[in-house]
$ cat work-v3.txt   # compact mmCIF, C-alpha atoms
# COMPACT_ATOMS: atom_id res chain seq x y z
CA MET I 1 73.46 61.37 44.28
CA VAL I 2 76.81 63.03 44.93
CA ARG I 3 75.14 66.05 46.53
CA ALA I 4 72.95 63.80 48.68
CA LYS I 5 76.02 61.87 49.86
CA LYS I 6 77.87 65.08 50.70
CA PHE I 7 74.80 66.44 52.50
CA ILE I 8 74.40 63.32 54.67
CA LEU I 9 78.11 63.02 55.48
CA GLU I 10 78.37 66.71 56.42
CA SER I 11 75.43 66.28 58.78
CA PHE I 12 77.12 63.22 60.34
CA VAL I 13 80.48 64.98 60.81
CA LYS I 14 78.83 67.99 62.48
CA SER I 15 76.91 65.74 64.87
CA PHE I 16 80.02 63.66 65.58
CA LEU I 17 82.16 66.70 66.49
CA THR I 18 79.32 68.18 68.55
CA LEU I 19 79.30 65.03 70.69
CA PHE I 20 82.98 64.08 70.54
CA ILE I 21 84.36 67.35 71.96
CA PRO I 22 82.24 67.45 75.17
CA PHE I 23 82.63 63.68 75.69
CA PHE I 24 86.40 64.01 75.27
CA ILE I 25 86.56 66.90 77.75
CA ILE I 26 84.41 65.09 80.35
CA ILE I 27 86.33 61.81 80.15
CA SER I 28 89.65 63.71 80.17
CA ILE I 29 88.58 65.48 83.37
CA ILE I 30 87.83 62.07 84.96
CA TYR I 31 91.33 60.84 84.10
CA ILE I 32 92.89 64.12 85.24
CA ILE I 33 91.14 63.70 88.62
CA GLN I 34 92.67 60.21 88.84
CA LEU I 35 96.09 61.70 88.12
CA SER I 36 95.50 64.36 90.76
CA ASN I 37 94.73 61.65 93.32
CA LEU I 38 97.94 59.90 92.28
CA SER I 39 99.91 63.12 92.73
CA PHE I 40 98.98 63.09 96.43
CA LYS I 41 100.93 59.83 96.79
CA ILE I 42 103.86 60.68 94.51
CA ASN I 43 105.21 64.06 93.47
CA LEU I 44 104.51 64.87 89.82
CA ASN I 45 105.81 67.94 88.04
CA PHE I 46 103.95 69.39 85.04
CA THR I 47 106.00 67.45 82.48
CA GLU I 48 105.43 64.14 84.27
CA PHE I 49 101.73 64.94 84.67
CA MET I 50 101.38 65.61 80.93
CA THR I 51 103.41 62.48 80.10
CA LEU I 52 101.00 60.32 82.10
CA TYR I 53 98.03 62.06 80.48
CA LEU I 54 99.42 61.31 77.00
CA TYR I 55 99.85 57.66 78.01
CA MET I 56 96.18 57.64 79.02
CA LEU I 57 95.03 59.36 75.81
CA PRO I 58 94.38 56.08 73.88
CA LYS I 59 91.96 54.91 76.58
CA ILE I 60 90.28 58.33 76.58
CA LEU I 61 89.78 58.12 72.80
CA PHE I 62 88.59 54.55 73.14
CA SER I 63 85.93 55.64 75.60
CA THR I 64 84.91 58.67 73.54
CA ILE I 65 84.78 57.56 69.90
CA PRO I 66 82.20 54.70 70.11
CA LEU I 67 79.78 56.84 72.15
CA SER I 68 80.19 59.75 69.75
CA PHE I 69 79.59 57.49 66.74
CA VAL I 70 76.36 56.07 68.19
CA GLY I 71 75.02 59.52 69.01
CA ALA I 72 76.18 61.08 65.73
CA VAL I 73 74.50 58.52 63.45
CA ILE I 74 71.16 58.63 65.27
CA ASN I 75 71.14 62.41 65.81
CA SER I 76 72.22 63.35 62.27
CA LEU I 77 69.61 61.11 60.63
CA ALA I 78 66.93 62.16 63.12
CA LYS I 79 67.61 65.80 62.35
CA LEU I 80 67.36 65.18 58.59
CA SER I 81 64.15 63.23 59.18
CA SER I 82 62.57 65.96 61.34
CA GLU I 83 63.32 68.51 58.61
CA ASN I 84 61.81 66.11 56.03
CA GLU I 85 65.08 66.08 54.07
CA LEU I 86 65.29 62.28 54.03
CA MET I 87 61.59 61.90 53.28
CA ALA I 88 62.06 64.11 50.23
CA LEU I 89 64.97 61.94 49.05
CA PHE I 90 63.01 58.74 49.59
CA SER I 91 60.07 60.15 47.63
CA LEU I 92 62.47 60.61 44.71
CA SER I 93 63.26 56.85 44.77
CA TYR I 94 66.36 57.38 46.93
CA SER I 95 66.93 54.09 48.81
CA PRO I 96 67.85 53.91 52.53
CA LYS I 97 70.47 51.37 51.40
CA ASN I 98 72.43 54.33 49.98
CA ILE I 99 72.80 55.71 53.51
CA ILE I 100 74.31 52.37 54.53
CA LYS I 101 76.80 52.66 51.65
CA TYR I 102 77.81 56.15 52.80
CA LEU I 103 78.19 55.34 56.51
CA LEU I 104 79.59 51.80 56.22
CA PRO I 105 83.14 52.92 55.25
CA ILE I 106 83.15 55.36 58.17
CA SER I 107 82.03 52.71 60.66
CA ALA I 108 84.61 50.27 59.24
CA LEU I 109 87.41 52.85 59.54
CA ILE I 110 86.42 53.61 63.14
CA SER I 111 86.38 49.90 64.02
CA ILE I 112 89.78 49.37 62.36
CA PHE I 113 91.22 52.36 64.22
CA LEU I 114 89.88 51.05 67.55
CA LEU I 115 91.21 47.56 66.81
CA LEU I 116 94.68 48.94 66.04
CA MET I 117 94.65 50.85 69.32
CA THR I 118 93.51 47.71 71.13
CA ILE I 119 96.12 45.38 69.69
CA PHE I 120 99.16 47.67 69.54
CA ILE I 121 98.85 51.00 71.34
CA ILE I 122 96.98 50.20 74.57
CA PRO I 123 99.37 47.36 75.63
CA MET I 124 102.36 49.68 75.13
CA THR I 125 100.90 52.68 76.97
CA SER I 126 99.50 50.52 79.80
CA GLN I 127 102.96 49.06 80.48
CA LYS I 128 104.57 52.49 80.34
CA ILE I 129 102.07 53.82 82.89
CA GLU I 130 102.78 50.95 85.30
CA ASN I 131 106.57 51.34 85.00
CA PHE I 132 106.25 55.11 85.43
CA LYS I 133 104.20 54.67 88.62
CA LYS I 134 106.63 52.09 90.02
CA ARG I 135 109.62 54.33 89.35
CA LYS I 136 107.96 57.34 91.00
CA ILE I 137 106.94 55.26 94.03
CA PHE I 138 110.51 53.95 94.29
CA GLU I 139 111.90 57.49 94.19
CA ALA I 140 109.32 58.64 96.74
CA LYS I 141 110.48 55.93 99.15
CA LEU I 142 114.02 57.33 98.98
CA LYS I 143 112.92 60.77 100.19
CA ILE I 144 114.12 61.42 103.72
CA VAL I 145 111.80 63.37 105.99
CA PRO I 146 113.16 65.21 109.08
CA LYS I 147 112.36 63.84 112.56
CA LYS I 148 110.67 60.72 111.22
CA LEU I 149 111.56 57.23 112.40
CA SER I 150 111.65 53.95 110.42
CA GLN I 151 113.09 55.48 107.25
CA SER I 152 115.48 53.38 105.21
CA PHE I 153 118.37 54.11 102.92
CA GLY I 154 119.84 50.91 101.57
CA LYS I 155 120.67 48.67 104.53
CA PHE I 156 120.66 51.60 106.98
CA HIS I 157 117.88 53.09 109.09
CA ILE I 158 118.23 56.85 108.90
CA PHE I 159 117.12 59.80 111.03
CA ILE I 160 117.78 63.49 110.30
CA GLU I 161 117.03 66.42 112.55
CA ASN I 162 116.49 69.02 109.83
CA ASN I 163 116.38 69.42 106.05
CA ASN I 164 117.33 72.91 104.89
CA LYS I 165 116.76 73.04 101.12
CA GLY I 166 118.30 69.61 100.56
CA LYS I 167 121.05 70.01 103.19
CA PHE I 168 120.63 67.57 106.08
CA GLU I 169 121.64 68.48 109.64
CA ASN I 170 122.58 66.00 112.41
CA VAL I 171 122.29 62.76 110.46
CA THR I 172 122.13 59.39 112.27
CA LEU I 173 122.38 56.02 110.53
CA PHE I 174 122.07 52.59 112.08
CA SER I 175 122.40 49.04 110.72
CA ASN I 176 122.36 45.68 112.47
CA GLU I 177 122.99 42.79 110.10
CA LYS I 178 122.31 39.12 110.75
CA ASN I 179 125.96 38.21 111.26
CA GLY I 180 126.20 40.55 114.25
CA TYR I 181 127.80 43.41 112.32
CA LEU I 182 126.61 46.61 114.02
CA GLN I 183 127.19 50.10 112.61
CA ILE I 184 126.21 53.49 113.96
CA LEU I 185 127.06 56.59 111.95
CA LEU I 186 126.76 60.19 113.14
CA SER I 187 127.28 63.14 110.82
CA LYS I 188 126.83 66.88 111.28
CA THR I 189 125.71 67.57 107.68
CA GLY I 190 124.80 65.62 104.60
CA SER I 191 122.77 65.61 101.39
CA LEU I 192 121.12 63.19 99.01
CA GLU I 193 122.92 63.23 95.66
CA LYS I 194 122.37 61.46 92.37
CA ASN I 195 124.92 60.25 89.84
CA LYS I 196 123.48 57.32 87.89
CA THR I 197 122.25 56.11 91.26
CA GLN I 198 121.38 57.91 94.50
CA TYR I 199 123.93 58.18 97.31
CA LEU I 200 124.19 59.89 100.66
CA ASN I 201 127.00 62.45 100.90
CA LEU I 202 128.00 62.93 104.56
CA ASN I 203 130.41 65.44 106.08
CA ASN I 204 132.25 65.68 109.44
CA GLY I 205 131.18 62.68 111.45
CA TYR I 206 132.01 59.43 113.22
CA LEU I 207 131.42 55.79 112.33
CA TYR I 208 131.13 53.23 115.13
CA LYS I 209 131.60 49.55 114.18
CA TYR I 210 131.16 46.44 116.28
CA ARG I 211 131.91 42.96 114.93
CA ASP I 212 133.28 39.76 116.52
CA LYS I 213 133.80 41.56 119.86
CA ILE I 214 135.92 44.20 118.11
CA PHE I 215 134.85 47.80 118.50
CA GLN I 216 136.13 50.50 116.09
CA ILE I 217 135.67 54.25 115.82
CA VAL I 218 136.38 56.03 112.54
CA ASP I 219 136.17 59.78 112.08
CA PHE I 220 135.73 61.20 108.58
CA GLU I 221 135.49 64.48 106.74
CA ASN I 222 133.53 63.13 103.80
CA LEU I 223 131.79 59.78 103.32
CA LYS I 224 129.60 58.55 100.47
CA ILE I 225 127.04 55.80 101.12
CA TYR I 226 125.44 54.33 98.05
CA ASN I 227 121.95 52.90 98.04
CA ASN I 228 122.11 49.18 97.34
CA LYS I 229 118.51 49.12 96.15
CA ARG I 230 117.79 49.53 92.45
CA PHE I 231 114.69 50.25 90.46
CA TYR I 232 113.85 47.55 87.98
CA SER I 233 111.10 48.24 85.47
CA ASN I 234 108.95 45.38 84.27
CA LYS I 235 110.23 43.69 81.17
CA PRO I 236 108.18 44.95 78.19
CA LEU I 237 105.77 42.28 77.05
CA THR I 238 104.89 41.66 73.44
CA PHE I 239 101.34 42.44 72.39
CA LYS I 240 100.49 38.74 72.40
CA GLU I 241 101.97 38.19 75.88
CA PHE I 242 100.22 41.25 77.28
CA TRP I 243 96.78 40.27 76.03
CA LYS I 244 97.30 36.65 77.07
CA ILE I 245 97.69 37.87 80.65
CA ASN I 246 94.82 40.39 80.30
CA ASN I 247 92.49 38.14 78.33
CA ARG I 248 89.22 39.54 79.72
CA ASP I 249 90.20 43.12 78.99
CA PHE I 250 91.14 42.05 75.46
CA LEU I 251 87.64 40.66 74.86
CA TYR I 252 86.16 43.90 76.23
CA TYR I 253 88.22 46.07 73.87
CA ILE I 254 87.52 43.83 70.86
CA LEU I 255 83.75 43.98 71.40
CA VAL I 256 83.71 47.76 71.82
CA SER I 257 85.93 48.14 68.73
CA LEU I 258 83.56 46.13 66.56
CA SER I 259 80.36 47.73 67.90
CA PRO I 260 80.28 50.60 65.31
CA LEU I 261 80.39 48.08 62.47
CA PHE I 262 77.93 45.51 63.86
CA THR I 263 75.33 48.03 65.07
CA LEU I 264 75.36 50.38 62.07
CA LEU I 265 72.04 49.09 60.65
CA LEU I 266 70.47 49.46 64.09
CA LEU I 267 71.61 53.08 64.36
CA ILE I 268 70.34 53.91 60.89
CA GLY I 269 67.04 52.21 61.58
CA LEU I 270 66.53 54.17 64.80
CA GLY I 271 67.68 57.47 63.30
CA ILE I 272 65.34 57.51 60.29
CA TYR I 273 61.67 58.15 60.98
CA ASN I 274 58.63 59.73 59.35
CA SER I 275 57.92 62.99 61.17
CA ARG I 276 54.21 62.78 60.26
CA TYR I 277 53.60 59.35 61.81
CA GLN I 278 56.48 58.82 64.23
CA LYS I 279 58.07 60.79 67.07
CA ASN I 280 61.67 61.89 67.41
CA LEU I 281 63.01 59.65 70.19
CA SER I 282 66.69 60.04 69.35
CA SER I 283 67.85 60.65 72.94
CA PHE I 284 65.95 57.59 74.18
CA PHE I 285 67.29 55.47 71.32
CA ILE I 286 70.88 56.57 72.00
CA LEU I 287 70.52 55.51 75.63
CA MET I 288 69.03 52.16 74.62
CA VAL I 289 71.81 51.45 72.11
CA VAL I 290 74.51 52.37 74.64
CA LEU I 291 72.94 49.93 77.12
CA LEU I 292 72.63 47.29 74.39
CA ILE I 293 76.35 47.63 73.69
CA TYR I 294 77.88 48.06 77.12
CA ILE I 295 75.77 45.65 79.21
CA PRO I 296 76.88 42.59 77.17
CA VAL I 297 80.41 44.02 77.04
CA ALA I 298 80.48 44.29 80.85
CA ILE I 299 79.21 40.71 81.20
CA ILE I 300 81.82 39.39 78.74
CA ASN I 301 84.54 41.32 80.57
CA ARG I 302 83.45 39.60 83.78
CA ILE I 303 83.16 36.02 82.51
CA GLY I 304 85.88 36.22 79.82
CA SER I 305 84.15 33.99 77.28
CA LEU I 306 85.14 33.96 73.60
CA TYR I 307 81.86 32.24 72.75
CA GLY I 308 80.10 35.12 74.50
CA VAL I 309 81.89 37.56 72.19
CA ILE I 310 80.76 35.67 69.09
CA ALA I 311 77.20 35.37 70.42
CA THR I 312 77.10 39.11 71.22
CA LEU I 313 78.29 40.09 67.73
CA ILE I 314 75.73 37.80 66.10
CA GLY I 315 73.02 39.18 68.42
CA TRP I 316 73.90 42.78 67.55
CA PHE I 317 73.80 42.00 63.84
CA ILE I 318 70.44 40.17 63.98
CA ILE I 319 68.82 42.91 66.08
CA SER I 320 70.22 45.54 63.70
CA ILE I 321 68.71 43.83 60.64
CA LEU I 322 65.33 43.34 62.30
CA ILE I 323 65.08 46.97 63.50
CA PHE I 324 66.26 48.31 60.15
CA LYS I 325 63.67 46.24 58.25
CA LYS I 326 60.85 47.12 60.62
CA ARG I 327 61.48 50.86 60.93
CA THR I 328 63.08 51.82 57.62
CA LYS I 329 63.20 49.33 54.78
CA ARG I 330 59.45 48.71 54.59
CA TYR I 331 58.82 52.43 54.14
$ encode --input "work-v3.txt" --output "structure tokens"
Amino acid sequence: MVRAKKFILESFVKSFLTLFIPFFIIISIIYIIQLSNLSFKINLNFTEFMTLYLYMLPKILFSTIPLSFVGAVINSLAKLSSENELMALFSLSYSPKNIIKYLLPISALISIFLLLMTIFIIPMTSQKIENFKKRKIFEAKLKIVPKKLSQSFGKFHIFIENNNKGKFENVTLFSNEKNGYLQILLSKTGSLEKNKTQYLNLNNGYLYKYRDKIFQIVDFENLKIYNNKRFYSNKPLTFKEFWKINNRDFLYYILVSLSPLFTLLLLIGLGIYNSRYQKNLSSFFILMVVLLIYIPVAIINRIGSLYGVIATLIGWFIISILIFKKRTKRY
């Protein structure tokens, strides 16, 4: 019995890794392409790129693990069936229920792991991604491009003639506030500096002011103009608050998390077959199970019904029992 258990679990682990690694690479490439598209809008260095990727890693694992589990259970049992290994065990009074006992703890652990990611990790990483994007977009808006109109720095409109490695040449700033306070600022050189907050460091210029019919001219050697805009990240939400706002996504993640546990009998029933009387249809069965899982999940995600979640779980369990009895137990 111990050797049989080890033999079946080793076959499952090999099949799982064989599927998990390519699935992980493919889904990672999809997310990396999304990050590449984002990098066209905002500048990302390698560290920032990898930080975003790590924030997306829980969702990558969440997409990869359930698919790998479905394929691994069916493929590993189908392989043992095609080689008549399982048939030999069954002929020695080895019950298919033993396979359930071996794979049930694994499916339960996978479901628990996915549930923990759903409840705790995904809300945290999702909020970090959004705040990261907002901060980068805010910083991108503060970048000043030469010879481009309609650029803002604080309350000023700014125009520069040239940017030589961070050193601005011929800087012009203009502001016209509602109370009739007009300012025009001309500077030969300047640069964008950062010390807790960003400020414009200007050198050798003139400031023209007009207010209440009074006109003033001020010349300066050095002038610092601080940006009055600040970046404010979203207040971190608790797990309960986050999922209350994203209720439909929560139902989606819960259903996918529980799918390994509620479809285990179905996977075992489809994976075991008699090579003399039945054909190996493992690839077809994997596709069918994936559709059986993700079509209801997509519908629930769209309608956001808790009753739909309960009905789907019950449906999966009933179908699993019926398929297991029909294809496996009676043999």
$ residues_around --input "work-v3.txt" --residues "Asn163 of chain I" --least-positions-apart "6" --cutoff "8 Å" --atoms "all atoms listed in the file" --output "list in words"
Val145, Pro146 and Glu169 of chain I
$ closest_residue --input "work-v3.txt" --among "I:Ile129, I:Ile323, I:Leu261, I:Leu86" --to "Ala4 of chain I" --atoms "only C-alpha atoms"
I:Leu86
$ atom_distance --input "work-v3.txt" --atom1 "atom CA of Leu109 of chain I" --atom2 "atom CA of Ile272 of chain I"
22.6 Å
$ residues_near_point --input "work-v3.txt" --point "(97.0, 55.1, 90.9)" --cutoff "12 Å" --atoms "all atoms listed in the file" --output "mmCIF file with C-alpha atoms, keeping the file's coordinate frame"
data_model
loop_
_atom_site.group_PDB
_atom_site.id
_atom_site.type_symbol
_atom_site.label_atom_id
_atom_site.label_comp_id
_atom_site.auth_asym_id
_atom_site.auth_seq_id
_atom_site.Cartn_x
_atom_site.Cartn_y
_atom_site.Cartn_z
ATOM 1 C CA TYR I 31 91.330 60.840 84.100
ATOM 2 C CA ILE I 32 92.890 64.120 85.240
ATOM 3 C CA ILE I 33 91.140 63.700 88.620
ATOM 4 C CA GLN I 34 92.670 60.210 88.840
ATOM 5 C CA LEU I 35 96.090 61.700 88.120
ATOM 6 C CA SER I 36 95.500 64.360 90.760
ATOM 7 C CA ASN I 37 94.730 61.650 93.320
ATOM 8 C CA LEU I 38 97.940 59.900 92.280
ATOM 9 C CA SER I 39 99.910 63.120 92.730
ATOM 10 C CA PHE I 40 98.980 63.090 96.430
ATOM 11 C CA LYS I 41 100.930 59.830 96.790
ATOM 12 C CA ILE I 42 103.860 60.680 94.510
ATOM 13 C CA LEU I 52 101.000 60.320 82.100
ATOM 14 C CA ILE I 129 102.070 53.820 82.890
ATOM 15 C CA GLU I 130 102.780 50.950 85.300
ATOM 16 C CA ASN I 131 106.570 51.340 85.000
ATOM 17 C CA PHE I 132 106.250 55.110 85.430
ATOM 18 C CA LYS I 133 104.200 54.670 88.620
ATOM 19 C CA LYS I 134 106.630 52.090 90.020
ATOM 20 C CA LYS I 136 107.960 57.340 91.000
ATOM 21 C CA ILE I 137 106.940 55.260 94.030
#
$ residues_around --input "work-v3.txt" --residues "Phe239 of chain I" --least-positions-apart "4" --cutoff "12 Å" --atoms "only C-alpha atoms" --output "PDB file with C-alpha atoms, in the frame of the given file"
ATOM      1  CA  LEU I 116      94.680  48.940  66.040  1.00  0.00           C
ATOM      2  CA  MET I 117      94.650  50.850  69.320  1.00  0.00           C
ATOM      3  CA  THR I 118      93.510  47.710  71.130  1.00  0.00           C
ATOM      4  CA  ILE I 119      96.120  45.380  69.690  1.00  0.00           C
ATOM      5  CA  PHE I 120      99.160  47.670  69.540  1.00  0.00           C
ATOM      6  CA  ILE I 121      98.850  51.000  71.340  1.00  0.00           C
ATOM      7  CA  ILE I 122      96.980  50.200  74.570  1.00  0.00           C
ATOM      8  CA  PRO I 123      99.370  47.360  75.630  1.00  0.00           C
ATOM      9  CA  MET I 124     102.360  49.680  75.130  1.00  0.00           C
ATOM     10  CA  THR I 125     100.900  52.680  76.970  1.00  0.00           C
ATOM     11  CA  SER I 126      99.500  50.520  79.800  1.00  0.00           C
ATOM     12  CA  GLN I 127     102.960  49.060  80.480  1.00  0.00           C
ATOM     13  CA  TRP I 243      96.780  40.270  76.030  1.00  0.00           C
ATOM     14  CA  LYS I 244      97.300  36.650  77.070  1.00  0.00           C
ATOM     15  CA  ILE I 245      97.690  37.870  80.650  1.00  0.00           C
ATOM     16  CA  ASN I 246      94.820  40.390  80.300  1.00  0.00           C
ATOM     17  CA  ASN I 247      92.490  38.140  78.330  1.00  0.00           C
ATOM     18  CA  PHE I 250      91.140  42.050  75.460  1.00  0.00           C
TER      19      PHE I 250
END
$ closest_residue --input "work-v3.txt" --among "I:Lys14, I:Lys6, I:Lys240, I:Lys147" --to "Ser68 of chain I" --atoms "only C-alpha atoms"
I:Lys14
$ closest_residue --input "work-v3.txt" --among "I:Tyr294, I:Tyr226, I:Phe168, I:Tyr252" --to "Lys188 of chain I" --atoms "all atoms listed in the file"
I:Phe168
$ closest_residue --input "work-v3.txt" --among "I:Ile254, I:Ala72, I:Leu89, I:Ile27" --to "Ser111 of chain I" --atoms "all atoms listed in the file"
I:Ile254
$ closest_residue --input "work-v3.txt" --among "I:Ile99, I:Ile160, I:Leu207, I:Ala88" --to "Ser275 of chain I" --atoms "all atoms listed in the file"
I:Ala88
$ build_atoms --input "work-v3.txt" --residues "segment 46-69 of chain I" --atoms "N, CA and C atoms" --output "mmCIF file, in the frame of the given file"
data_model
loop_
_atom_site.group_PDB
_atom_site.id
_atom_site.type_symbol
_atom_site.label_atom_id
_atom_site.label_comp_id
_atom_site.auth_asym_id
_atom_site.auth_seq_id
_atom_site.Cartn_x
_atom_site.Cartn_y
_atom_site.Cartn_z
ATOM 1 N N PHE I 46 104.861 69.184 86.168
ATOM 2 C CA PHE I 46 103.950 69.390 85.040
ATOM 3 C C PHE I 46 104.295 68.466 83.873
ATOM 4 N N THR I 47 105.587 68.302 83.598
ATOM 5 C CA THR I 47 106.000 67.450 82.480
ATOM 6 C C THR I 47 105.598 66.005 82.712
ATOM 7 N N GLU I 48 105.811 65.520 83.941
ATOM 8 C CA GLU I 48 105.430 64.140 84.270
ATOM 9 C C GLU I 48 103.919 63.969 84.224
ATOM 10 N N PHE I 49 103.196 64.983 84.686
ATOM 11 C CA PHE I 49 101.730 64.940 84.670
ATOM 12 C C PHE I 49 101.228 64.819 83.231
ATOM 13 N N MET I 50 101.789 65.633 82.328
ATOM 14 C CA MET I 50 101.380 65.610 80.930
ATOM 15 C C MET I 50 101.802 64.302 80.252
ATOM 16 N N THR I 51 102.956 63.756 80.658
ATOM 17 C CA THR I 51 103.410 62.480 80.100
ATOM 18 C C THR I 51 102.414 61.370 80.437
ATOM 19 N N LEU I 52 101.991 61.318 81.691
ATOM 20 C CA LEU I 52 101.000 60.320 82.100
ATOM 21 C C LEU I 52 99.676 60.523 81.356
ATOM 22 N N TYR I 53 99.286 61.781 81.191
ATOM 23 C CA TYR I 53 98.030 62.060 80.480
ATOM 24 C C TYR I 53 98.110 61.559 79.028
ATOM 25 N N LEU I 54 99.255 61.781 78.374
ATOM 26 C CA LEU I 54 99.420 61.310 77.000
ATOM 27 C C LEU I 54 99.381 59.781 76.932
ATOM 28 N N TYR I 55 99.938 59.122 77.964
ATOM 29 C CA TYR I 55 99.850 57.660 78.010
ATOM 30 C C TYR I 55 98.406 57.196 78.146
ATOM 31 N N MET I 56 97.579 58.006 78.817
ATOM 32 C CA MET I 56 96.180 57.640 79.020
ATOM 33 C C MET I 56 95.286 58.053 77.846
ATOM 34 N N LEU I 57 95.825 58.836 76.928
ATOM 35 C CA LEU I 57 95.030 59.360 75.810
ATOM 36 C C LEU I 57 94.379 58.263 74.965
ATOM 37 N N PRO I 58 95.061 57.141 74.654
ATOM 38 C CA PRO I 58 94.380 56.080 73.880
ATOM 39 C C PRO I 58 93.120 55.570 74.554
ATOM 40 N N LYS I 59 93.154 55.393 75.873
ATOM 41 C CA LYS I 59 91.960 54.910 76.580
ATOM 42 C C LYS I 59 90.866 55.975 76.589
ATOM 43 N N ILE I 60 91.267 57.249 76.646
ATOM 44 C CA ILE I 60 90.280 58.330 76.580
ATOM 45 C C ILE I 60 89.583 58.317 75.227
ATOM 46 N N LEU I 61 90.370 58.188 74.154
ATOM 47 C CA LEU I 61 89.780 58.120 72.800
ATOM 48 C C LEU I 61 88.906 56.886 72.649
ATOM 49 N N PHE I 62 89.349 55.785 73.246
ATOM 50 C CA PHE I 62 88.590 54.550 73.140
ATOM 51 C C PHE I 62 87.240 54.661 73.841
ATOM 52 N N SER I 63 87.193 55.437 74.900
ATOM 53 C CA SER I 63 85.930 55.640 75.600
ATOM 54 C C SER I 63 85.038 56.643 74.882
ATOM 55 N N THR I 64 85.646 57.566 74.151
ATOM 56 C CA THR I 64 84.910 58.670 73.540
ATOM 57 C C THR I 64 84.350 58.349 72.163
ATOM 58 N N ILE I 65 85.156 57.735 71.306
ATOM 59 C CA ILE I 65 84.780 57.560 69.900
ATOM 60 C C ILE I 65 83.532 56.692 69.705
ATOM 61 N N PRO I 66 83.419 55.503 70.343
ATOM 62 C CA PRO I 66 82.200 54.700 70.110
ATOM 63 C C PRO I 66 80.923 55.414 70.542
ATOM 64 N N LEU I 67 80.963 56.103 71.686
ATOM 65 C CA LEU I 67 79.780 56.840 72.150
ATOM 66 C C LEU I 67 79.423 57.951 71.176
ATOM 67 N N SER I 68 80.437 58.662 70.692
ATOM 68 C CA SER I 68 80.190 59.750 69.750
ATOM 69 C C SER I 68 79.614 59.230 68.440
ATOM 70 N N PHE I 69 80.092 58.071 67.992
ATOM 71 C CA PHE I 69 79.590 57.490 66.740
ATOM 72 C C PHE I 69 78.119 57.117 66.869
#
